[in-house]
Amino acid sequence: MGLAAVESNNGHEVEESTYQRGVKHLCEGGIERVPRKYVFPVSERPHLGTERSDVCCGGNWNLKLPVIDFAQLQGSNRSQVLEHLADACEEYGFFQLVNHGIPSQVIEELRSVGRRFFELPYEERCKYMNLDMRSPVRCGTSFNQNKDQILCWRDFLKLSCHSLPQHLPSWPSNPSDLREVAANYSLKTKFLYLKLMEAILESLGVKEIAPKSMEDQENDWMAKDLENGSQIVMVNCYPACPEPDLTLGMPPHSDYGMLTLLLQDESVQGLQIHHGGRWLTVEPISNSFVVNIFSNGRFKSVLHRVLVNSSSTRISFASLHSLSLDSTVRPLPKLIDEANPRRYKDTDFASFLNYISSVGHKGKNFLDTRKLT
């Protein structure tokens, strides 16, 4: 790792290795300006003077995503809700999920333990820091800190959750309740993910996941692939930034998995999606998830990014779901026809990890490398 020095706001020189310790560590040392390592080119900056003023005033830079009521998916209105679900995925690639059935206590405990982890002294957090993107437990910074030429204003804690008996012993033991709280949350979000995938597949015209006859073997394999797939809970920490108009918490990107359940910080906005040629801020809804889905092009995989602010640390939690590392990802034959042709080569999650480990966030989008046309 290079040790080229840059000048910080207080006139002291900061070694490159200092940035690898995370934004939180940098802020704890006291800064008044954003170091050059975090300053994005003008064309990539968030232009907060315009966007935030419109957000605060209820202008047209704010976005209310379609709302899907999970409870109604389980009732007599299921067919109607499935239509709304399909429309939301086709138009936005995102929706907000309410009445999801996860108790508010489970969510509040997770919010608490996530915030308390990042309030620990650096000496405690650094026990879990490493540069291996395949590491099942990892405290890191930026987007891909190994390759990013410009760093993002973000620290994170990554917890691999499948399988829990395998990974739980290596999770942080401080705070003392982190393992229990995060494990409980992961189990409940995994159940929610499976039920949502069942609904999404049904909205696409695919039979329900649960097999009912020998003719449903394909659905049986699908159910097992989903059940045995990868799950990662990512705790994102975006510390208050002295110059939020110069940097980003996360650059424009698309999530890599099949489905992401994002628990936003309800008190601090930050998530934006690219829709209609503009960056729009997603309004948080109390006790809801922002859901992001990907498919063979019929449903959108939408670019999104994260803004930071000067007054408050923002904490969010992403439960990322995909197939297992060695599972082949391909479109279902039932969904391929002349109107909706195959658009991507077969791939697997391991290939994606290899790709993002080799490029920075400005590299070519992984999906673009898999396009057939």
# chains A, B, ... in the order shown; residues from 1 in each chain; ligands from 1
$ closest_atom_pairs --of "region 242-310 of chain A" --to "region 140-154 of chain A" --cutoff "6 Å" --atoms "only C-alpha atoms" --output "JSON lines"
{"residue": "A:Leu248", "atom": "CA", "partner": "A:Cys152", "partner_atom": "CA", "distance": 5.6}
{"residue": "A:Gly249", "atom": "CA", "partner": "A:Trp153", "partner_atom": "CA", "distance": 4.4}
{"residue": "A:Met250", "atom": "CA", "partner": "A:Cys152", "partner_atom": "CA", "distance": 5.8}
$ write_last_selection --atoms "all heavy atoms" --output "CSV table (one decimal), in the first residue's frame"
chain,number,residue,atom,x,y,z
A,248,LEU,N,-19.5,11.8,-1.9
A,248,LEU,CA,-20.7,10.9,-1.9
A,248,LEU,C,-20.5,9.8,-0.8
A,248,LEU,O,-19.3,9.4,-0.6
A,248,LEU,CB,-20.9,10.3,-3.2
A,248,LEU,CG,-21.5,11.2,-4.4
A,248,LEU,CD1,-21.4,10.5,-5.7
A,248,LEU,CD2,-22.9,11.6,-4.1
A,249,GLY,N,-21.6,9.4,-0.2
A,249,GLY,CA,-21.5,8.3,0.7
A,249,GLY,C,-21.3,7.0,-0.1
A,249,GLY,O,-20.6,6.1,0.3
A,250,MET,N,-22.0,6.9,-1.2
A,250,MET,CA,-21.8,5.8,-2.2
A,250,MET,C,-22.0,6.3,-3.6
A,250,MET,O,-22.9,7.2,-3.8
A,250,MET,CB,-22.9,4.7,-1.9
A,250,MET,CG,-22.6,3.8,-0.7
A,250,MET,SD,-21.4,2.5,-1.1
A,250,MET,CE,-22.4,1.2,-1.8
$ select_by_dssp --residues "region 26-155 of chain A" --states "helix (DSSP H, G or I)" --output "number ranges by chain"
A: 26-28, 36-38, 42-44, 48-56, 70-73, 78-91, 104-118, 122-128
$ closest_residue --among "A:Leu82, A:Ala240, A:Val137, A:Val290" --to "Ser203 (chain A)" --atoms "only C-alpha atoms"
A:Leu82
$ residues_around --residues "Leu226 (chain A)" --least-positions-apart "6" --cutoff "8 Å" --atoms "only C-alpha atoms" --output "ChimeraX atom specification"
/A:194,322-323
$ write_last_selection --atoms "N, CA, C and O atoms" --output "CSV table (one decimal), in the first residue's frame"
chain,number,residue,atom,x,y,z
A,194,LEU,N,-37.8,-14.6,1.0
A,194,LEU,CA,-38.4,-15.8,0.4
A,194,LEU,C,-39.8,-15.6,0.0
A,194,LEU,O,-40.3,-15.9,-1.1
A,322,SER,N,-28.8,-13.2,-2.7
A,322,SER,CA,-28.5,-13.7,-4.0
A,322,SER,C,-28.4,-15.2,-3.9
A,322,SER,O,-28.5,-15.8,-2.8
A,323,LEU,N,-28.1,-15.8,-5.0
A,323,LEU,CA,-27.9,-17.3,-5.0
A,323,LEU,C,-26.5,-17.5,-4.4
A,323,LEU,O,-25.7,-16.6,-4.2
$ residues_around --residues "Val282 (chain A)" --least-positions-apart "5" --cutoff "8 Å" --atoms "only C-alpha atoms" --output "list in words"
Asn62, Leu63, Lys64, Leu65, Gln269, Gly270, Leu271, Gln272 and Ile273 of chain A
$ residues_around --residues "region 116-130 of chain A" --least-positions-apart "2" --cutoff "10 Å" --atoms "only C-alpha atoms" --output "PyMOL selection string"
chain A and resi 20-22+24-25+28+110-114+132-133+135+137-141+155-158+170-176+178+235-237+239+315
$ residues_around --residues "Met197 (chain A)" --least-positions-apart "4" --cutoff "9 Å" --atoms "only C-alpha atoms" --output "VMD selection string"
chain A and resid 192 to 193 201 to 202 209 226 258 to 259
$ write_last_selection --atoms "C-alpha atoms" --output "PDB file, in the first residue's frame"
ATOM      1  CA  LEU A 192     -39.345 -12.001   4.205  1.00  0.00           C
ATOM      2  CA  TYR A 193     -37.062 -12.307   1.179  1.00  0.00           C
ATOM      3  CA  LEU A 201     -42.098 -14.755  -9.434  1.00  0.00           C
ATOM      4  CA  GLU A 202     -45.869 -15.041  -9.351  1.00  0.00           C
ATOM      5  CA  ILE A 209     -42.365 -21.733  -5.488  1.00  0.00           C
ATOM      6  CA  LEU A 226     -33.287 -19.351  -2.959  1.00  0.00           C
ATOM      7  CA  MET A 258     -31.384 -10.783  -6.651  1.00  0.00           C
ATOM      8  CA  LEU A 259     -33.051  -8.623  -4.027  1.00  0.00           C
TER       9      LEU A 259
END
$ select_by_dssp --residues "region 7-202 of chain A" --states "strand (DSSP E or B)" --output "VMD selection string"
chain A and resid 7 13 to 15 62 to 63 67 to 69 94 to 98 129 137 to 141 155 to 160
$ atom_distance --atom1 "CA of Val34 (chain A)" --atom2 "CA of Arg314 (chain A)"
17.2 Å
$ closest_residue --among "A:Ser79, A:Thr247, A:Gln166, A:Gln105" --to "Glu44 (chain A)" --atoms "only C-alpha atoms"
A:Thr247
$ closest_atom_pairs --of "region 74-174 of chain A" --to "region 302-312 of chain A" --cutoff "8 Å" --atoms "only C-alpha atoms" --output "tab-separated table"
residue	atom	partner	partner_atom	distance
A:Tyr92	CA	A:Val302	CA	7.1
A:Gly93	CA	A:Val302	CA	5.8
A:Phe94	CA	A:Val302	CA	7.8
A:Trp153	CA	A:Val308	CA	7.5
$ write_last_selection --atoms "all heavy atoms" --output "short mmCIF file (atom, residue, chain, number, x, y, z; two decimals), in the first residue's frame"
data_model
loop_
_atom_site.label_atom_id
_atom_site.label_comp_id
_atom_site.auth_asym_id
_atom_site.auth_seq_id
_atom_site.Cartn_x
_atom_site.Cartn_y
_atom_site.Cartn_z
N TYR A 92 -39.69 1.39 -11.74
CA TYR A 92 -38.66 1.95 -10.87
C TYR A 92 -37.53 0.98 -10.53
O TYR A 92 -36.41 1.40 -10.27
CB TYR A 92 -39.29 2.43 -9.55
CG TYR A 92 -40.24 3.59 -9.70
CD1 TYR A 92 -41.61 3.38 -9.82
CD2 TYR A 92 -39.76 4.90 -9.72
CE1 TYR A 92 -42.49 4.44 -9.95
CE2 TYR A 92 -40.63 5.97 -9.86
CZ TYR A 92 -42.00 5.74 -9.97
OH TYR A 92 -42.85 6.79 -10.11
N GLY A 93 -37.83 -0.31 -10.46
CA GLY A 93 -36.85 -1.26 -9.94
C GLY A 93 -36.77 -1.23 -8.43
O GLY A 93 -36.01 -1.98 -7.82
N PHE A 94 -37.55 -0.36 -7.82
CA PHE A 94 -37.60 -0.16 -6.37
C PHE A 94 -39.05 -0.06 -5.93
O PHE A 94 -39.92 0.34 -6.71
CB PHE A 94 -36.92 1.15 -5.95
CG PHE A 94 -35.42 1.12 -5.92
CD1 PHE A 94 -34.68 1.29 -7.07
CD2 PHE A 94 -34.74 0.97 -4.71
CE1 PHE A 94 -33.30 1.30 -7.04
CE2 PHE A 94 -33.36 0.98 -4.67
CZ PHE A 94 -32.64 1.14 -5.84
N TRP A 153 -17.44 8.52 1.29
CA TRP A 153 -17.60 8.91 2.69
C TRP A 153 -18.47 7.88 3.40
O TRP A 153 -19.56 8.16 3.85
CB TRP A 153 -18.22 10.30 2.76
CG TRP A 153 -17.97 11.03 4.05
CD1 TRP A 153 -18.82 11.11 5.12
CD2 TRP A 153 -16.80 11.78 4.40
NE1 TRP A 153 -18.24 11.86 6.11
CE2 TRP A 153 -17.00 12.30 5.69
CE3 TRP A 153 -15.60 12.07 3.74
CZ2 TRP A 153 -16.06 13.08 6.34
CZ3 TRP A 153 -14.66 12.85 4.38
CH2 TRP A 153 -14.90 13.35 5.67
#
$ atom_distance --atom1 "CA of Lys345 (chain A)" --atom2 "CA of His253 (chain A)"
20.0 Å
$ closest_residue --among "A:Glu266, A:Asp177, A:Glu90, A:Glu198" --to "Glu227 (chain A)" --atoms "only C-alpha atoms"
A:Glu198
$ atom_distance --atom1 "CA of Val181 (chain A)" --atom2 "CA of Leu168 (chain A)"
11.3 Å
$ closest_residue --among "A:Glu91, A:Val23, A:Phe70, A:Lys37" --to "His275 (chain A)" --atoms "only C-alpha atoms"
A:Glu91
$ residues_around --residues "Ala318 (chain A)" --least-positions-apart "5" --cutoff "6 Å" --atoms "only C-alpha atoms" --output "JSON, numbers by chain"
{"A": [233, 234, 261, 262]}
$ decode --residues "region 247-263 of chain A" --atoms "all heavy atoms" --output "PDB file, in the first residue's frame"
ATOM      1  N   THR A 247     -18.479  15.341  -1.976  1.00  0.00           N
ATOM      2  CA  THR A 247     -18.251  13.903  -1.948  1.00  0.00           C
ATOM      3  C   THR A 247     -19.571  13.146  -1.957  1.00  0.00           C
ATOM      4  O   THR A 247     -20.653  13.730  -2.002  1.00  0.00           O
ATOM      5  CB  THR A 247     -17.410  13.535  -0.706  1.00  0.00           C
ATOM      6  OG1 THR A 247     -17.005  12.174  -0.787  1.00  0.00           O
ATOM      7  CG2 THR A 247     -18.185  13.783   0.581  1.00  0.00           C
ATOM      8  N   LEU A 248     -19.489  11.822  -1.915  1.00  0.00           N
ATOM      9  CA  LEU A 248     -20.671  10.948  -1.875  1.00  0.00           C
ATOM     10  C   LEU A 248     -20.450   9.847  -0.842  1.00  0.00           C
ATOM     11  O   LEU A 248     -19.326   9.394  -0.621  1.00  0.00           O
ATOM     12  CB  LEU A 248     -20.923  10.305  -3.242  1.00  0.00           C
ATOM     13  CG  LEU A 248     -21.451  11.193  -4.358  1.00  0.00           C
ATOM     14  CD1 LEU A 248     -21.372  10.469  -5.705  1.00  0.00           C
ATOM     15  CD2 LEU A 248     -22.883  11.627  -4.079  1.00  0.00           C
ATOM     16  N   GLY A 249     -21.559   9.420  -0.221  1.00  0.00           N
ATOM     17  CA  GLY A 249     -21.481   8.278   0.668  1.00  0.00           C
ATOM     18  C   GLY A 249     -21.301   6.985  -0.100  1.00  0.00           C
ATOM     19  O   GLY A 249     -20.554   6.085   0.319  1.00  0.00           O
ATOM     20  N   MET A 250     -21.993   6.878  -1.218  1.00  0.00           N
ATOM     21  CA  MET A 250     -21.816   5.768  -2.162  1.00  0.00           C
ATOM     22  C   MET A 250     -21.967   6.339  -3.558  1.00  0.00           C
ATOM     23  O   MET A 250     -22.856   7.158  -3.816  1.00  0.00           O
ATOM     24  CB  MET A 250     -22.861   4.677  -1.926  1.00  0.00           C
ATOM     25  CG  MET A 250     -22.593   3.809  -0.717  1.00  0.00           C
ATOM     26  SD  MET A 250     -21.384   2.500  -1.052  1.00  0.00           S
ATOM     27  CE  MET A 250     -22.449   1.242  -1.752  1.00  0.00           C
ATOM     28  N   PRO A 251     -21.135   5.900  -4.513  1.00  0.00           N
ATOM     29  CA  PRO A 251     -21.241   6.384  -5.882  1.00  0.00           C
ATOM     30  C   PRO A 251     -22.413   5.712  -6.597  1.00  0.00           C
ATOM     31  O   PRO A 251     -22.995   4.747  -6.078  1.00  0.00           O
ATOM     32  CB  PRO A 251     -19.916   5.949  -6.493  1.00  0.00           C
ATOM     33  CG  PRO A 251     -19.605   4.674  -5.778  1.00  0.00           C
ATOM     34  CD  PRO A 251     -20.082   4.886  -4.358  1.00  0.00           C
ATOM     35  N   PRO A 252     -22.782   6.175  -7.769  1.00  0.00           N
ATOM     36  CA  PRO A 252     -23.838   5.504  -8.528  1.00  0.00           C
ATOM     37  C   PRO A 252     -23.477   4.037  -8.775  1.00  0.00           C
ATOM     38  O   PRO A 252     -22.381   3.723  -9.228  1.00  0.00           O
ATOM     39  CB  PRO A 252     -23.876   6.294  -9.850  1.00  0.00           C
ATOM     40  CG  PRO A 252     -23.380   7.654  -9.473  1.00  0.00           C
ATOM     41  CD  PRO A 252     -22.325   7.407  -8.431  1.00  0.00           C
ATOM     42  N   HIS A 253     -24.404   3.150  -8.444  1.00  0.00           N
ATOM     43  CA  HIS A 253     -24.153   1.719  -8.599  1.00  0.00           C
ATOM     44  C   HIS A 253     -25.476   0.974  -8.643  1.00  0.00           C
ATOM     45  O   HIS A 253     -26.519   1.502  -8.278  1.00  0.00           O
ATOM     46  CB  HIS A 253     -23.305   1.190  -7.434  1.00  0.00           C
ATOM     47  CG  HIS A 253     -24.016   1.218  -6.115  1.00  0.00           C
ATOM     48  ND1 HIS A 253     -24.217   2.393  -5.401  1.00  0.00           N
ATOM     49  CD2 HIS A 253     -24.604   0.232  -5.373  1.00  0.00           C
ATOM     50  CE1 HIS A 253     -24.881   2.118  -4.286  1.00  0.00           C
ATOM     51  NE2 HIS A 253     -25.127   0.815  -4.253  1.00  0.00           N
ATOM     52  N   SER A 254     -25.420  -0.260  -9.104  1.00  0.00           N
ATOM     53  CA  SER A 254     -26.559  -1.179  -9.030  1.00  0.00           C
ATOM     54  C   SER A 254     -26.178  -2.308  -8.095  1.00  0.00           C
ATOM     55  O   SER A 254     -25.035  -2.773  -8.107  1.00  0.00           O
ATOM     56  CB  SER A 254     -26.897  -1.753 -10.410  1.00  0.00           C
ATOM     57  OG  SER A 254     -27.276  -0.737 -11.302  1.00  0.00           O
ATOM     58  N   ASP A 255     -27.122  -2.775  -7.280  1.00  0.00           N
ATOM     59  CA  ASP A 255     -26.829  -3.871  -6.363  1.00  0.00           C
ATOM     60  C   ASP A 255     -26.607  -5.160  -7.144  1.00  0.00           C
ATOM     61  O   ASP A 255     -27.177  -5.367  -8.219  1.00  0.00           O
ATOM     62  CB  ASP A 255     -27.974  -4.055  -5.364  1.00  0.00           C
ATOM     63  CG  ASP A 255     -28.013  -2.940  -4.329  1.00  0.00           C
ATOM     64  OD1 ASP A 255     -27.055  -2.148  -4.270  1.00  0.00           O
ATOM     65  OD2 ASP A 255     -29.003  -2.854  -3.596  1.00  0.00           O
ATOM     66  N   TYR A 256     -25.783  -6.038  -6.586  1.00  0.00           N
ATOM     67  CA  TYR A 256     -25.371  -7.227  -7.320  1.00  0.00           C
ATOM     68  C   TYR A 256     -26.315  -8.406  -7.134  1.00  0.00           C
ATOM     69  O   TYR A 256     -26.265  -9.363  -7.889  1.00  0.00           O
ATOM     70  CB  TYR A 256     -23.958  -7.627  -6.903  1.00  0.00           C
ATOM     71  CG  TYR A 256     -23.756  -7.846  -5.425  1.00  0.00           C
ATOM     72  CD1 TYR A 256     -24.255  -8.971  -4.785  1.00  0.00           C
ATOM     73  CD2 TYR A 256     -23.045  -6.920  -4.657  1.00  0.00           C
ATOM     74  CE1 TYR A 256     -24.067  -9.175  -3.435  1.00  0.00           C
ATOM     75  CE2 TYR A 256     -22.841  -7.118  -3.305  1.00  0.00           C
ATOM     76  CZ  TYR A 256     -23.344  -8.243  -2.699  1.00  0.00           C
ATOM     77  OH  TYR A 256     -23.152  -8.433  -1.352  1.00  0.00           O
ATOM     78  N   GLY A 257     -27.149  -8.406  -6.118  1.00  0.00           N
ATOM     79  CA  GLY A 257     -27.918  -9.600  -5.789  1.00  0.00           C
ATOM     80  C   GLY A 257     -29.264  -9.654  -6.487  1.00  0.00           C
ATOM     81  O   GLY A 257     -29.597  -8.837  -7.337  1.00  0.00           O
ATOM     82  N   MET A 258     -30.042 -10.649  -6.106  1.00  0.00           N
ATOM     83  CA  MET A 258     -31.384 -10.783  -6.651  1.00  0.00           C
ATOM     84  C   MET A 258     -32.341  -9.784  -6.019  1.00  0.00           C
ATOM     85  O   MET A 258     -33.238  -9.263  -6.682  1.00  0.00           O
ATOM     86  CB  MET A 258     -31.895 -12.211  -6.418  1.00  0.00           C
ATOM     87  CG  MET A 258     -31.086 -13.261  -7.137  1.00  0.00           C
ATOM     88  SD  MET A 258     -31.789 -14.900  -6.897  1.00  0.00           S
ATOM     89  CE  MET A 258     -33.346 -14.737  -7.759  1.00  0.00           C
ATOM     90  N   LEU A 259     -32.138  -9.519  -4.731  1.00  0.00           N
ATOM     91  CA  LEU A 259     -33.051  -8.623  -4.027  1.00  0.00           C
ATOM     92  C   LEU A 259     -32.337  -8.035  -2.815  1.00  0.00           C
ATOM     93  O   LEU A 259     -31.590  -8.732  -2.131  1.00  0.00           O
ATOM     94  CB  LEU A 259     -34.312  -9.376  -3.605  1.00  0.00           C
ATOM     95  CG  LEU A 259     -35.428  -8.578  -2.940  1.00  0.00           C
ATOM     96  CD1 LEU A 259     -36.803  -9.113  -3.393  1.00  0.00           C
ATOM     97  CD2 LEU A 259     -35.347  -8.648  -1.423  1.00  0.00           C
ATOM     98  N   THR A 260     -32.562  -6.751  -2.587  1.00  0.00           N
ATOM     99  CA  THR A 260     -32.002  -6.063  -1.425  1.00  0.00           C
ATOM    100  C   THR A 260     -33.125  -5.483  -0.588  1.00  0.00           C
ATOM    101  O   THR A 260     -34.032  -4.836  -1.119  1.00  0.00           O
ATOM    102  CB  THR A 260     -31.056  -4.924  -1.850  1.00  0.00           C
ATOM    103  OG1 THR A 260     -29.984  -5.461  -2.616  1.00  0.00           O
ATOM    104  CG2 THR A 260     -30.493  -4.205  -0.629  1.00  0.00           C
ATOM    105  N   LEU A 261     -33.062  -5.728   0.719  1.00  0.00           N
ATOM    106  CA  LEU A 261     -33.985  -5.125   1.677  1.00  0.00           C
ATOM    107  C   LEU A 261     -33.206  -4.064   2.446  1.00  0.00           C
ATOM    108  O   LEU A 261     -32.309  -4.386   3.231  1.00  0.00           O
ATOM    109  CB  LEU A 261     -34.529  -6.177   2.649  1.00  0.00           C
ATOM    110  CG  LEU A 261     -35.484  -7.221   2.058  1.00  0.00           C
ATOM    111  CD1 LEU A 261     -35.606  -8.415   2.995  1.00  0.00           C
ATOM    112  CD2 LEU A 261     -36.856  -6.615   1.807  1.00  0.00           C
ATOM    113  N   LEU A 262     -33.522  -2.799   2.179  1.00  0.00           N
ATOM    114  CA  LEU A 262     -32.791  -1.696   2.798  1.00  0.00           C
ATOM    115  C   LEU A 262     -33.628  -1.051   3.887  1.00  0.00           C
ATOM    116  O   LEU A 262     -34.749  -0.611   3.648  1.00  0.00           O
ATOM    117  CB  LEU A 262     -32.426  -0.641   1.746  1.00  0.00           C
ATOM    118  CG  LEU A 262     -31.741   0.616   2.297  1.00  0.00           C
ATOM    119  CD1 LEU A 262     -30.355   0.279   2.843  1.00  0.00           C
ATOM    120  CD2 LEU A 262     -31.650   1.703   1.234  1.00  0.00           C
ATOM    121  N   LEU A 263     -33.048  -0.993   5.075  1.00  0.00           N
ATOM    122  CA  LEU A 263     -33.658  -0.304   6.205  1.00  0.00           C
ATOM    123  C   LEU A 263     -33.011   1.069   6.294  1.00  0.00           C
ATOM    124  O   LEU A 263     -31.849   1.199   6.681  1.00  0.00           O
ATOM    125  CB  LEU A 263     -33.441  -1.113   7.483  1.00  0.00           C
ATOM    126  CG  LEU A 263     -34.144  -0.647   8.752  1.00  0.00           C
ATOM    127  CD1 LEU A 263     -35.652  -0.715   8.603  1.00  0.00           C
ATOM    128  CD2 LEU A 263     -33.683  -1.495   9.939  1.00  0.00           C
TER     129      LEU A 263
END
